[in-house]
>>> print(open('final-v3.pdb').read())   # PDB, C-alpha atoms
ATOM      1  CA  MET L   1      -2.531 -27.258   1.842
ATOM      2  CA  THR L   2      -5.117 -24.895   0.446
ATOM      3  CA  LEU L   3      -6.806 -24.479   3.814
ATOM      4  CA  HIS L   4      -3.502 -23.746   5.460
ATOM      5  CA  ALA L   5      -2.668 -21.156   2.794
ATOM      6  CA  THR L   6      -5.952 -19.307   3.242
ATOM      7  CA  ARG L   7      -5.370 -19.038   7.014
ATOM      8  CA  GLU L   8      -2.087 -17.202   6.719
ATOM      9  CA  SER L   9      -2.163 -13.752   8.213
ATOM     10  CA  PRO L  10      -1.955 -10.866   5.722
ATOM     11  CA  TRP L  11       0.475  -9.190   8.119
ATOM     12  CA  VAL L  12       2.810 -12.180   7.942
ATOM     13  CA  VAL L  13       2.613 -12.374   4.147
ATOM     14  CA  ALA L  14       3.200  -8.612   3.838
ATOM     15  CA  LEU L  15       6.193  -8.776   6.176
ATOM     16  CA  ASN L  16       7.689 -11.701   4.282
ATOM     17  CA  LEU L  17       7.258  -9.950   0.949
ATOM     18  CA  TRP L  18       8.694  -6.722   2.348
ATOM     19  CA  VAL L  19      11.771  -8.528   3.674
ATOM     20  CA  LEU L  20      12.264 -10.383   0.392
ATOM     21  CA  CYS L  21      11.992  -7.102  -1.563
ATOM     22  CA  ALA L  22      14.555  -5.461   0.731
ATOM     23  CA  LEU L  23      16.911  -8.412   0.341
ATOM     24  CA  GLY L  24      16.398  -8.362  -3.422
ATOM     25  CA  ILE L  25      17.236  -4.653  -3.631
ATOM     26  CA  ALA L  26      20.360  -5.206  -1.520
ATOM     27  CA  LEU L  27      21.366  -8.160  -3.695
ATOM     28  CA  GLY L  28      20.675  -6.179  -6.847
ATOM     29  CA  SER L  29      22.960  -3.392  -5.659
ATOM     30  CA  ALA L  30      25.729  -5.914  -5.069
ATOM     31  CA  VAL L  31      25.404  -8.147  -8.124
ATOM     32  CA  GLY L  32      25.799  -7.103 -11.726
ATOM     33  CA  SER L  33      26.910  -8.386 -15.085
ATOM     34  CA  THR L  34      30.546  -7.966 -13.983
ATOM     35  CA  GLY L  35      30.169  -9.735 -10.638
ATOM     36  CA  VAL L  36      30.404  -8.377  -7.094
ATOM     37  CA  GLU L  37      33.806  -6.679  -7.345
ATOM     38  CA  SER L  38      32.310  -3.183  -7.488
ATOM     39  CA  TRP L  39      30.305  -3.796  -4.318
ATOM     40  CA  LEU L  40      33.330  -5.194  -2.477
ATOM     41  CA  HIS L  41      35.481  -2.180  -3.352
ATOM     42  CA  ALA L  42      32.788   0.503  -3.231
ATOM     43  CA  TRP L  43      33.925   2.068   0.040
ATOM     44  CA  HIS L  44      37.422   2.945  -1.175
ATOM     45  CA  ASP L  45      36.982   3.147  -4.952
ATOM     46  CA  ASP L  46      35.076   6.095  -6.432
ATOM     47  CA  ILE L  47      34.304   4.298  -9.689
ATOM     48  CA  ALA L  48      33.017   1.212  -7.879
ATOM     49  CA  TRP L  49      30.893   3.425  -5.611
ATOM     50  CA  GLN L  50      29.418   5.178  -8.630
ATOM     51  CA  ILE L  51      28.525   1.813 -10.207
ATOM     52  CA  VAL L  52      26.772   0.669  -7.032
ATOM     53  CA  TRP L  53      25.079   3.934  -6.051
ATOM     54  CA  ASP L  54      24.230   5.489  -9.423
ATOM     55  CA  ILE L  55      23.534   2.370 -11.526
ATOM     56  CA  ARG L  56      22.764  -0.812  -9.595
ATOM     57  CA  LEU L  57      20.864   0.556  -6.590
ATOM     58  CA  PRO L  58      18.410   2.817  -8.492
ATOM     59  CA  ARG L  59      17.908   0.075 -11.070
ATOM     60  CA  SER L  60      16.945  -2.452  -8.387
ATOM     61  CA  LEU L  61      14.760   0.021  -6.513
ATOM     62  CA  GLY L  62      13.124   1.151  -9.757
ATOM     63  CA  ALA L  63      12.437  -2.436 -10.842
ATOM     64  CA  CYS L  64      10.730  -3.050  -7.511
ATOM     65  CA  ALA L  65       8.674   0.156  -7.839
ATOM     66  CA  ALA L  66       7.633  -0.614 -11.428
ATOM     67  CA  GLY L  67       6.648  -4.150 -10.484
ATOM     68  CA  ALA L  68       4.658  -2.809  -7.542
ATOM     69  CA  LEU L  69       2.767  -0.451  -9.856
ATOM     70  CA  LEU L  70       1.933  -3.314 -12.230
ATOM     71  CA  GLY L  71       0.925  -5.627  -9.369
ATOM     72  CA  LEU L  72      -1.323  -2.925  -7.919
ATOM     73  CA  ALA L  73      -2.868  -2.255 -11.341
ATOM     74  CA  GLY L  74      -3.450  -5.978 -11.849
ATOM     75  CA  ALA L  75      -5.273  -6.296  -8.524
ATOM     76  CA  LEU L  76      -7.454  -3.292  -9.394
ATOM     77  CA  ALA L  77      -8.244  -4.650 -12.859
ATOM     78  CA  GLN L  78      -9.215  -8.079 -11.555
ATOM     79  CA  GLY L  79     -11.324  -6.579  -8.788
ATOM     80  CA  LEU L  80     -12.983  -3.976 -10.986
ATOM     81  CA  PHE L  81     -13.936  -6.373 -13.777
ATOM     82  CA  ARG L  82     -14.443  -9.405 -11.525
ATOM     83  CA  ASN L  83     -12.248 -11.423 -13.861
ATOM     84  CA  PRO L  84      -9.149 -13.308 -12.653
ATOM     85  CA  LEU L  85      -7.674 -13.070 -16.166
ATOM     86  CA  ALA L  86      -7.717  -9.274 -16.176
ATOM     87  CA  ASP L  87      -4.343  -7.532 -16.222
ATOM     88  CA  PRO L  88      -3.181  -3.888 -16.366
ATOM     89  CA  TYR L  89      -3.207  -4.000 -20.164
ATOM     90  CA  LEU L  90      -6.795  -5.248 -20.454
ATOM     91  CA  LEU L  91      -8.223  -1.921 -21.592
ATOM     92  CA  GLY L  92      -5.621  -1.420 -24.296
ATOM     93  CA  SER L  93      -3.666   0.843 -21.945
ATOM     94  CA  ALA L  94      -0.332  -0.710 -22.937
ATOM     95  CA  SER L  95      -0.872   0.099 -26.603
ATOM     96  CA  GLY L  96      -2.158   3.535 -25.636
ATOM     97  CA  ALA L  97       0.930   4.185 -23.533
ATOM     98  CA  SER L  98       3.135   2.952 -26.377
ATOM     99  CA  LEU L  99       1.369   5.288 -28.795
ATOM    100  CA  GLY L 100       1.805   8.189 -26.382
ATOM    101  CA  VAL L 101       5.513   7.511 -26.026
ATOM    102  CA  ALA L 102       5.900   7.074 -29.798
ATOM    103  CA  VAL L 103       4.202  10.428 -30.397
ATOM    104  CA  ALA L 104       6.425  12.084 -27.775
ATOM    105  CA  LEU L 105       9.545  10.582 -29.337
ATOM    106  CA  ALA L 106       8.482  11.658 -32.813
ATOM    107  CA  LEU L 107       7.596  15.201 -31.751
ATOM    108  CA  PHE L 108      10.404  15.945 -29.320
ATOM    109  CA  GLY L 109      13.103  13.508 -30.395
ATOM    110  CA  VAL L 110      13.857  12.227 -26.894
ATOM    111  CA  HIS L 111      15.113   8.757 -26.037
ATOM    112  CA  PRO L 112      12.652   6.687 -23.985
ATOM    113  CA  PHE L 113      15.321   5.892 -21.398
ATOM    114  CA  ALA L 114      16.847   9.353 -21.044
ATOM    115  CA  THR L 115      17.678  10.246 -17.462
ATOM    116  CA  GLU L 116      16.715  13.929 -17.364
ATOM    117  CA  PHE L 117      13.892  14.602 -14.922
ATOM    118  CA  LEU L 118      11.783  16.700 -17.292
ATOM    119  CA  VAL L 119      12.113  14.121 -20.062
ATOM    120  CA  ARG L 120      11.031  11.394 -17.639
ATOM    121  CA  LEU L 121       8.085  13.463 -16.506
ATOM    122  CA  GLY L 122       7.118  14.163 -20.119
ATOM    123  CA  LEU L 123       7.238  10.490 -21.103
ATOM    124  CA  THR L 124       5.295   9.505 -18.007
ATOM    125  CA  GLY L 125       2.671  12.122 -18.857
ATOM    126  CA  ALA L 126       2.509  10.957 -22.479
ATOM    127  CA  ALA L 127       2.150   7.337 -21.406
ATOM    128  CA  PHE L 128      -0.511   8.283 -18.856
ATOM    129  CA  VAL L 129      -2.540  10.267 -21.387
ATOM    130  CA  GLY L 130      -2.281   7.446 -23.911
ATOM    131  CA  ALA L 131      -3.298   4.845 -21.325
ATOM    132  CA  VAL L 132      -6.284   6.902 -20.135
ATOM    133  CA  LEU L 133      -7.512   7.611 -23.657
ATOM    134  CA  ALA L 134      -7.186   3.934 -24.576
ATOM    135  CA  ALA L 135      -9.103   2.905 -21.447
ATOM    136  CA  LEU L 136     -11.870   5.424 -22.129
ATOM    137  CA  LEU L 137     -12.112   4.343 -25.762
ATOM    138  CA  THR L 138     -12.413   0.703 -24.678
ATOM    139  CA  LEU L 139     -15.173   1.560 -22.195
ATOM    140  CA  VAL L 140     -17.059   3.528 -24.852
ATOM    141  CA  LEU L 141     -16.859   0.671 -27.336
ATOM    142  CA  ALA L 142     -17.855  -1.863 -24.667
ATOM    143  CA  ARG L 143     -20.699   0.395 -23.427
ATOM    144  CA  GLY L 144     -19.481   0.062 -19.874
ATOM    145  CA  VAL L 145     -17.983  -2.791 -17.899
ATOM    146  CA  GLN L 146     -21.081  -4.918 -17.338
ATOM    147  CA  GLN L 147     -20.424  -7.424 -20.149
ATOM    148  CA  THR L 148     -17.048  -9.086 -19.785
ATOM    149  CA  LEU L 149     -16.913 -10.574 -23.277
ATOM    150  CA  ARG L 150     -17.682  -7.250 -24.938
ATOM    151  CA  LEU L 151     -15.103  -5.548 -22.737
ATOM    152  CA  LEU L 152     -12.417  -8.070 -23.652
ATOM    153  CA  LEU L 153     -13.187  -7.757 -27.356
ATOM    154  CA  ALA L 154     -13.138  -3.973 -27.157
ATOM    155  CA  GLY L 155      -9.811  -4.064 -25.331
ATOM    156  CA  VAL L 156      -8.315  -6.335 -27.987
ATOM    157  CA  ILE L 157      -9.571  -4.099 -30.790
ATOM    158  CA  VAL L 158      -8.305  -0.905 -29.175
ATOM    159  CA  GLY L 159      -4.967  -2.543 -28.404
ATOM    160  CA  VAL L 160      -4.483  -3.725 -31.984
ATOM    161  CA  VAL L 161      -5.495  -0.388 -33.532
ATOM    162  CA  LEU L 162      -3.386   1.772 -31.231
ATOM    163  CA  GLY L 163      -0.470  -0.640 -31.537
ATOM    164  CA  ALA L 164      -0.694  -0.363 -35.310
ATOM    165  CA  MET L 165      -0.701   3.430 -35.049
ATOM    166  CA  ALA L 166       2.425   3.312 -32.885
ATOM    167  CA  SER L 167       4.091   1.035 -35.445
ATOM    168  CA  LEU L 168       3.089   3.415 -38.236
ATOM    169  CA  ILE L 169       4.746   6.315 -36.415
ATOM    170  CA  THR L 170       7.968   4.349 -36.017
ATOM    171  CA  LEU L 171       7.924   3.537 -39.738
ATOM    172  CA  MET L 172       7.391   7.190 -40.620
ATOM    173  CA  ARG L 173      10.138   8.249 -38.228
ATOM    174  CA  PRO L 174      12.943   5.656 -38.447
ATOM    175  CA  ASP L 175      15.045   7.678 -35.988
ATOM    176  CA  VAL L 176      12.787   6.549 -33.113
ATOM    177  CA  LEU L 177      12.725   2.898 -34.197
ATOM    178  CA  GLN L 178      15.641   1.836 -32.000
ATOM    179  CA  GLY L 179      14.222   3.586 -28.963
ATOM    180  CA  MET L 180      10.791   2.047 -29.497
ATOM    181  CA  GLN L 181      12.314  -1.415 -29.894
ATOM    182  CA  GLY L 182      13.860  -1.174 -26.450
ATOM    183  CA  PHE L 183      10.577   0.154 -25.103
ATOM    184  CA  LEU L 184       8.546  -2.725 -26.539
ATOM    185  CA  LEU L 185      10.928  -5.377 -25.215
ATOM    186  CA  GLY L 186      10.934  -3.912 -21.716
ATOM    187  CA  SER L 187      14.081  -2.995 -19.836
ATOM    188  CA  THR L 188      15.179  -1.835 -16.403
ATOM    189  CA  SER L 189      18.723  -1.095 -17.513
ATOM    190  CA  PHE L 190      18.377   2.684 -17.683
ATOM    191  CA  ILE L 191      16.339   3.418 -14.573
ATOM    192  CA  GLY L 192      17.948   6.208 -12.561
ATOM    193  CA  TRP L 193      17.149   8.040  -9.365
ATOM    194  CA  ASN L 194      14.795  10.464 -11.124
ATOM    195  CA  ALA L 195      12.704   7.586 -12.467
ATOM    196  CA  CYS L 196      12.664   6.015  -8.997
ATOM    197  CA  VAL L 197      11.345   9.239  -7.452
ATOM    198  CA  LEU L 198       8.598   9.478 -10.071
ATOM    199  CA  MET L 199       7.483   5.873  -9.726
ATOM    200  CA  LEU L 200       7.581   5.882  -5.935
ATOM    201  CA  GLY L 201       5.529   9.089  -5.895
ATOM    202  CA  VAL L 202       2.931   7.664  -8.276
ATOM    203  CA  LEU L 203       2.906   4.392  -6.325
ATOM    204  CA  SER L 204       2.208   6.209  -3.060
ATOM    205  CA  VAL L 205      -0.716   8.141  -4.553
ATOM    206  CA  CYS L 206      -2.189   5.101  -6.323
ATOM    207  CA  LEU L 207      -1.816   2.881  -3.266
ATOM    208  CA  VAL L 208      -3.616   5.353  -1.014
ATOM    209  CA  LEU L 209      -6.452   5.778  -3.519
ATOM    210  CA  ALA L 210      -6.711   2.025  -4.063
ATOM    211  CA  VAL L 211      -6.982   1.347  -0.329
ATOM    212  CA  VAL L 212      -9.633   4.062   0.024
ATOM    213  CA  LEU L 213     -11.658   2.584  -2.853
ATOM    214  CA  SER L 214     -11.131  -1.041  -1.813
ATOM    215  CA  ARG L 215     -14.510  -1.189  -0.025
ATOM    216  CA  VAL L 216     -16.278  -0.695  -3.351
ATOM    217  CA  LEU L 217     -14.226  -3.497  -4.898
ATOM    218  CA  ASP L 218     -15.333  -5.792  -2.063
ATOM    219  CA  ALA L 219     -18.946  -4.848  -2.730
ATOM    220  CA  LEU L 220     -18.591  -5.363  -6.489
ATOM    221  CA  SER L 221     -17.232  -8.857  -5.863
ATOM    222  CA  LEU L 222     -20.658  -9.697  -4.398
ATOM    223  CA  GLY L 223     -22.454  -8.369  -7.458
ATOM    224  CA  GLU L 224     -23.432  -4.971  -8.777
ATOM    225  CA  SER L 225     -26.934  -5.155  -7.321
ATOM    226  CA  THR L 226     -25.483  -5.769  -3.867
ATOM    227  CA  ALA L 227     -23.129  -2.835  -4.245
ATOM    228  CA  LEU L 228     -26.003  -0.578  -5.293
ATOM    229  CA  SER L 229     -28.134  -1.757  -2.361
ATOM    230  CA  LEU L 230     -25.382  -0.640  -0.003
ATOM    231  CA  GLY L 231     -25.695   2.899  -1.353
ATOM    232  CA  LEU L 232     -22.188   3.000  -2.823
ATOM    233  CA  PRO L 233     -21.469   5.477  -5.670
ATOM    234  CA  ILE L 234     -20.617   2.855  -8.277
ATOM    235  CA  ALA L 235     -20.298   5.068 -11.367
ATOM    236  CA  PRO L 236     -17.876   7.698 -10.014
ATOM    237  CA  VAL L 237     -15.844   5.058  -8.197
ATOM    238  CA  ARG L 238     -15.436   3.112 -11.430
ATOM    239  CA  VAL L 239     -14.139   6.241 -13.133
ATOM    240  CA  ALA L 240     -11.706   6.788 -10.259
ATOM    241  CA  LEU L 241     -10.525   3.180 -10.393
ATOM    242  CA  VAL L 242      -9.949   3.387 -14.150
ATOM    243  CA  CYS L 243      -7.896   6.566 -13.633
ATOM    244  CA  VAL L 244      -5.809   4.945 -10.894
ATOM    245  CA  LEU L 245      -5.345   1.859 -13.067
ATOM    246  CA  ALA L 246      -4.255   3.970 -16.029
ATOM    247  CA  LEU L 247      -1.898   6.130 -13.945
ATOM    248  CA  ALA L 248      -0.167   3.142 -12.360
ATOM    249  CA  THR L 249       0.147   1.345 -15.693
ATOM    250  CA  GLY L 250       1.301   4.438 -17.559
ATOM    251  CA  ALA L 251       3.948   5.327 -14.968
ATOM    252  CA  ALA L 252       5.417   1.817 -14.984
ATOM    253  CA  VAL L 253       5.294   1.430 -18.767
ATOM    254  CA  ALA L 254       6.893   4.832 -19.356
ATOM    255  CA  GLN L 255       9.928   3.929 -17.255
ATOM    256  CA  THR L 256      10.446   0.248 -18.086
ATOM    257  CA  GLY L 257       8.596  -0.349 -21.354
ATOM    258  CA  LEU L 258       6.143  -3.205 -21.813
ATOM    259  CA  VAL L 259       6.678  -5.816 -19.097
ATOM    260  CA  ALA L 260       4.281  -8.735 -19.454
ATOM    261  CA  PHE L 261       2.561 -11.006 -16.923
ATOM    262  CA  VAL L 262       3.693  -9.244 -13.717
ATOM    263  CA  GLY L 263       0.332  -7.538 -13.224
ATOM    264  CA  LEU L 264      -1.534 -10.735 -14.071
ATOM    265  CA  ALA L 265       0.523 -13.157 -11.969
ATOM    266  CA  ALA L 266       1.007 -11.055  -8.815
ATOM    267  CA  PRO L 267      -2.640 -11.176  -7.583
ATOM    268  CA  HIS L 268      -2.824 -14.909  -8.342
ATOM    269  CA  LEU L 269       0.287 -15.586  -6.279
ATOM    270  CA  VAL L 270      -1.169 -13.559  -3.412
ATOM    271  CA  ARG L 271      -4.422 -15.545  -3.524
ATOM    272  CA  SER L 272      -2.417 -18.764  -3.375
ATOM    273  CA  ARG L 273      -1.003 -17.614  -0.031
ATOM    274  CA  VAL L 274      -3.836 -15.782   1.681
ATOM    275  CA  LYS L 275      -7.547 -15.137   1.257
ATOM    276  CA  THR L 276      -8.346 -11.553   2.101
ATOM    277  CA  SER L 277     -10.328  -8.460   1.147
ATOM    278  CA  HIS L 278      -9.242  -5.961  -1.480
ATOM    279  CA  HIS L 279      -7.951  -3.686   1.280
ATOM    280  CA  TRP L 280      -5.087  -6.109   1.754
ATOM    281  CA  MET L 281      -5.094  -7.465  -1.774
ATOM    282  CA  VAL L 282      -3.931  -4.219  -3.381
ATOM    283  CA  VAL L 283      -1.085  -3.889  -0.864
ATOM    284  CA  LEU L 284       0.039  -7.512  -1.121
ATOM    285  CA  ALA L 285      -0.241  -7.547  -4.914
ATOM    286  CA  ALA L 286       1.959  -4.440  -5.066
ATOM    287  CA  LEU L 287       4.593  -6.103  -2.894
ATOM    288  CA  MET L 288       4.371  -9.335  -4.890
ATOM    289  CA  GLY L 289       4.661  -7.471  -8.195
ATOM    290  CA  GLY L 290       7.715  -5.618  -6.940
ATOM    291  CA  LEU L 291       9.322  -8.888  -5.880
ATOM    292  CA  LEU L 292       8.528 -10.558  -9.226
ATOM    293  CA  LEU L 293      10.012  -7.823 -11.396
ATOM    294  CA  LEU L 294      12.990  -7.475  -9.069
ATOM    295  CA  ALA L 295      13.693 -11.211  -9.335
ATOM    296  CA  ALA L 296      13.316 -11.055 -13.122
ATOM    297  CA  ASP L 297      15.727  -8.118 -13.239
ATOM    298  CA  LEU L 298      18.336 -10.084 -11.269
ATOM    299  CA  LEU L 299      17.931 -13.079 -13.579
ATOM    300  CA  ALA L 300      18.201 -10.840 -16.645
ATOM    301  CA  ARG L 301      21.575  -9.605 -15.402
ATOM    302  CA  LEU L 302      22.994 -12.995 -14.441
ATOM    303  CA  LEU L 303      21.748 -15.550 -16.986
ATOM    304  CA  TRP L 304      23.939 -14.407 -19.890
ATOM    305  CA  ALA L 305      26.461 -12.247 -18.039
ATOM    306  CA  PRO L 306      28.084  -9.963 -19.069
ATOM    307  CA  GLN L 307      25.252  -9.594 -21.642
ATOM    308  CA  GLU L 308      21.723  -8.898 -20.450
ATOM    309  CA  MET L 309      18.379 -10.302 -21.489
ATOM    310  CA  PRO L 310      15.478  -7.819 -21.863
ATOM    311  CA  VAL L 311      13.459  -8.155 -18.684
ATOM    312  CA  GLY L 312      10.171  -8.022 -20.587
ATOM    313  CA  VAL L 313      11.138 -11.123 -22.568
ATOM    314  CA  LEU L 314      12.073 -12.947 -19.373
ATOM    315  CA  THR L 315       8.825 -12.089 -17.572
ATOM    316  CA  ALA L 316       6.840 -13.201 -20.631
ATOM    317  CA  VAL L 317       8.576 -16.596 -20.699
ATOM    318  CA  LEU L 318       8.366 -17.182 -16.946
ATOM    319  CA  GLY L 319       4.865 -15.739 -16.610
ATOM    320  CA  GLY L 320       3.546 -17.760 -19.531
ATOM    321  CA  GLY L 321       5.060 -20.900 -18.065
ATOM    322  CA  TYR L 322       3.494 -20.166 -14.688
ATOM    323  CA  LEU L 323       0.031 -19.661 -16.196
ATOM    324  CA  LEU L 324       0.322 -22.878 -18.199
ATOM    325  CA  TRP L 325       1.236 -24.744 -15.016
ATOM    326  CA  LEU L 326      -1.662 -23.099 -13.195
ATOM    327  CA  MET L 327      -4.072 -24.173 -15.934
ATOM    328  CA  TYR L 328      -2.686 -27.707 -15.856
ATOM    329  CA  ARG L 329      -3.010 -27.907 -12.067
ATOM    330  CA  SER L 330      -6.599 -26.642 -12.158
ATOM    331  CA  GLN L 331      -7.418 -29.194 -14.858
ATOM    332  CA  ILE L 332      -5.962 -31.999 -12.726
ATOM    333  CA  THR L 333      -7.911 -30.756  -9.712
ATOM    334  CA  ARG L 334     -11.223 -30.747 -11.604
ATOM    335  CA  THR L 335     -10.705 -34.242 -13.066
ATOM    336  CA  SER L 336      -9.396 -35.860  -9.869
ATOM    337  CA  PRO L 337     -11.973 -37.890  -7.877
TER     338      PRO L 337
END
>>> encode(input="final-v3.pdb", output="C-alpha cells")
Amino acid sequence: MTLHATRESPWVVALNLWVLCALGIALGSAVGSTGVESWLHAWHDDIAWQIVWDIRLPRSLGACAAGALLGLAGALAQGLFRNPLADPYLLGSASGASLGVAVALALFGVHPFATEFLVRLGLTGAAFVGAVLAALLTLVLARGVQQTLRLLLAGVIVGVVLGAMASLITLMRPDVLQGMQGFLLGSTSFIGWNACVLMLGVLSVCLVLAVVLSRVLDALSLGESTALSLGLPIAPVRVALVCVLALATGAAVAQTGLVAFVGLAAPHLVRSRVKTSHHWMVVLAALMGGLLLLAADLLARLLWAPQEMPVGVLTAVLGGGYLLWLMYRSQITRTSP
C-alpha cells in the first residue's frame, strides 16, 4: 500500500483535491444550520439568495482559503526546519498574532470579526506584525535554526510569554474579552467577501514565493552542507521563508482565529498519498489544508444544528485524534516483525 501511494502522480492528487474543494464549497453554500431551504429557494427569494450569496458562499470559500494558508505554512515550516512535527505556530507566531490583534482591539476598539475592509486589513496587518516579531524573537533566542531542540524550546517560551501578554491586555480591557474569546476558539462564522479577497490575495503571493523558494527547501532536506555546496543563498532564503510563513499564518489567524492542527496534518496527509519535492508539496499541502478546514467548517455547522461548534475546537479534537492514530500506527509498524 505504501509503495502504491508513493507512485501516485502529483497531478492526479492535485486534481482530486481541487475537485473535492470545489464540491465542498458548493456543498457549503447549500447547507447551513437551517438546512437547504435557502439554497432551494435562492433563485426566487431575495432573502434566501442573500443567505446563500452573502453568508454561506463567502464563509465556505474563506474557510478553504484560510485552510490553504495554514497548509502552505505547515509545509514551509516542516521543510525549513526539517522536522515533521513543525507547524505554522512553531515560532510562537500564533501567540504573536494574538497579541497583535489584542493590541489592535484595545487601541482601536474594533471587533475581530468585523466585516469592513479597512478593519480587516488592519487586523491582518496587526496579526502579521505580531507573527513576524514573534518569529524573529524565537530565532534570536534560538541563535538560528540549526539546533531543533533549542528552536522548539525558544518557540514554546515565546509563545507562552506573548500569550500571557495578550491575556493581560484582555484583563486590563474587559471590553475586548468577548472578541478575544471568539478569536482564541477559532471561527469561520463571520468571514465575508472582503476577508476572502484578502486571504486569496495573500495566498496567491505566498504560493508563488513558496514555489520559487522550493528548490532551497529540497536542498536543505539533504543537509545544510549540501545546500551550501550547491551555491544556494541559504541565509537570505531562510529570512524570506520565515516572512512567507509569518504572512500566511498571520493572514489566516487574523480572519479565523486560532485553528489548530490543520497546518500540521495537511503535509502529513499529502505524504501519505504521494512522495514528491517541495515544489509540489507546498501546492498539495495548500489544497489539503483548504479541504481539511472546509470539511471541519461543514461539520461545525451540522453536528449541533442549529447551533454551531467553534471550528478551532473541532479541528483540535479531530487533528489530535489523527496524530494519536498516526503515532499508534507507526508504533505498530516498528514493533511488527
>>> closest_residue(input="final-v3.pdb", among="L:Ala75, L:Leu258, L:Asp297, L:Leu287", to="Asn16 of chain L", atoms="only C-alpha atoms")
L:Leu287
>>> residues_around(input="final-v3.pdb", residues="segment 201-212 of chain L", least_positions_apart="5", cutoff="7 Å", atoms="all atoms listed in the file", output="count of residues only")
5
>>> closest_residue(input="final-v3.pdb", among="L:Gly130, L:Gly32, L:Gln178, L:Ser98", to="Gln307 of chain L", atoms="all atoms listed in the file")
L:Gly32
>>> atom_distance(input="final-v3.pdb", atom1="atom CA of Ala266 of chain L", atom2="atom CA of Ala134 of chain L")
23.2 Å
>>> residues_around(input="final-v3.pdb", residues="segment 87-91 of chain L", least_positions_apart="4", cutoff="7 Å", atoms="all atoms listed in the file", output="ChimeraX atom specification")
/L:70,73-74,77-78,134-135,138,155,245,249,263-264
>>> residues_around(input="final-v3.pdb", residues="Val176 of chain L", least_positions_apart="5", cutoff="7 Å", atoms="all atoms listed in the file", output="PyMOL selection string")
chain L and resi 105-106+170
>>> closest_residue(input="final-v3.pdb", among="L:Thr315, L:Leu136, L:Gly28, L:Trp193", to="Leu302 of chain L", atoms="only C-alpha atoms")
L:Gly28
>>> residues_near_point(input="final-v3.pdb", point="(10.9, 1.3, -12.3)", cutoff="9 Å", atoms="all atoms listed in the file", output="list of chain:residue names")
L:Pro58, L:Arg59, L:Ser60, L:Leu61, L:Gly62, L:Ala63, L:Cys64, L:Ala65, L:Ala66, L:Gly67, L:Ala68, L:Leu69, L:Thr188, L:Ile191, L:Gly192, L:Ala195, L:Cys196, L:Leu198, L:Met199, L:Leu200, L:Ala251, L:Ala252, L:Val253, L:Ala254, L:Gln255, L:Thr256
>>> write_last_selection(input="final-v3.pdb", atoms="C-alpha atoms", output="PDB file, in the frame of the given file")
ATOM      1  CA  PRO L  58      18.410   2.817  -8.492  1.00  0.00           C
ATOM      2  CA  ARG L  59      17.908   0.075 -11.070  1.00  0.00           C
ATOM      3  CA  SER L  60      16.945  -2.452  -8.387  1.00  0.00           C
ATOM      4  CA  LEU L  61      14.760   0.021  -6.513  1.00  0.00           C
ATOM      5  CA  GLY L  62      13.124   1.151  -9.757  1.00  0.00           C
ATOM      6  CA  ALA L  63      12.437  -2.436 -10.842  1.00  0.00           C
ATOM      7  CA  CYS L  64      10.730  -3.050  -7.511  1.00  0.00           C
ATOM      8  CA  ALA L  65       8.674   0.156  -7.839  1.00  0.00           C
ATOM      9  CA  ALA L  66       7.633  -0.614 -11.428  1.00  0.00           C
ATOM     10  CA  GLY L  67       6.648  -4.150 -10.484  1.00  0.00           C
ATOM     11  CA  ALA L  68       4.658  -2.809  -7.542  1.00  0.00           C
ATOM     12  CA  LEU L  69       2.767  -0.451  -9.856  1.00  0.00           C
ATOM     13  CA  THR L 188      15.179  -1.835 -16.403  1.00  0.00           C
ATOM     14  CA  ILE L 191      16.339   3.418 -14.573  1.00  0.00           C
ATOM     15  CA  GLY L 192      17.948   6.208 -12.561  1.00  0.00           C
ATOM     16  CA  ALA L 195      12.704   7.586 -12.467  1.00  0.00           C
ATOM     17  CA  CYS L 196      12.664   6.015  -8.997  1.00  0.00           C
ATOM     18  CA  LEU L 198       8.598   9.478 -10.071  1.00  0.00           C
ATOM     19  CA  MET L 199       7.483   5.873  -9.726  1.00  0.00           C
ATOM     20  CA  LEU L 200       7.581   5.882  -5.935  1.00  0.00           C
ATOM     21  CA  ALA L 251       3.948   5.327 -14.968  1.00  0.00           C
ATOM     22  CA  ALA L 252       5.417   1.817 -14.984  1.00  0.00           C
ATOM     23  CA  VAL L 253       5.294   1.430 -18.767  1.00  0.00           C
ATOM     24  CA  ALA L 254       6.893   4.832 -19.356  1.00  0.00           C
ATOM     25  CA  GLN L 255       9.928   3.929 -17.255  1.00  0.00           C
ATOM     26  CA  THR L 256      10.446   0.248 -18.086  1.00  0.00           C
TER      27      THR L 256
END
>>> atom_distance(input="final-v3.pdb", atom1="atom CA of Ala300 of chain L", atom2="atom CA of Leu314 of chain L")
7.0 Å
>>> closest_residue(input="final-v3.pdb", among="L:Leu152, L:Leu80, L:Ala97, L:Ser189", to="Asp54 of chain L", atoms="all atoms listed in the file")
L:Ser189
>>> closest_residue(input="final-v3.pdb", among="L:Leu107, L:Leu20, L:Leu323, L:Val274", to="Glu8 of chain L", atoms="all atoms listed in the file")
L:Val274
>>> resolve_selection(input="final-v3.pdb", expression="the PyMOL selection byres ((chain L and resi 269) around 12)", output="number ranges by chain")
L: 5-6, 13, 17, 71, 74-75, 84, 261-268, 270-275, 281, 284-289, 291-292, 319, 322-323, 326
>>> atom_distance(input="final-v3.pdb", atom1="atom CA of Gly312 of chain L", atom2="atom CA of Ala14 of chain L")
25.4 Å
>>> resolve_selection(input="final-v3.pdb", expression="the PyMOL selection byres ((chain L and resi 184) around 12)", output="ChimeraX atom specification")
/L:94-95,97-99,101-102,112,163,166-167,170,177-183,185-187,253-260,310-313
>>> residues_near_point(input="final-v3.pdb", point="(-4.9, 2.4, -16.9)", cutoff="6 Å", atoms="only C-alpha atoms", output="PyMOL selection string")
chain L and resi 93+131-132+242+245-247+249
>>> write_last_selection(input="final-v3.pdb", atoms="C-alpha atoms", output="compact mmCIF listing (two decimals), keeping the file's coordinate frame")
# COMPACT_ATOMS: atom_id res chain seq x y z
CA SER L 93 -3.67 0.84 -21.94
CA ALA L 131 -3.30 4.84 -21.32
CA VAL L 132 -6.28 6.90 -20.14
CA VAL L 242 -9.95 3.39 -14.15
CA LEU L 245 -5.34 1.86 -13.07
CA ALA L 246 -4.26 3.97 -16.03
CA LEU L 247 -1.90 6.13 -13.94
CA THR L 249 0.15 1.34 -15.69
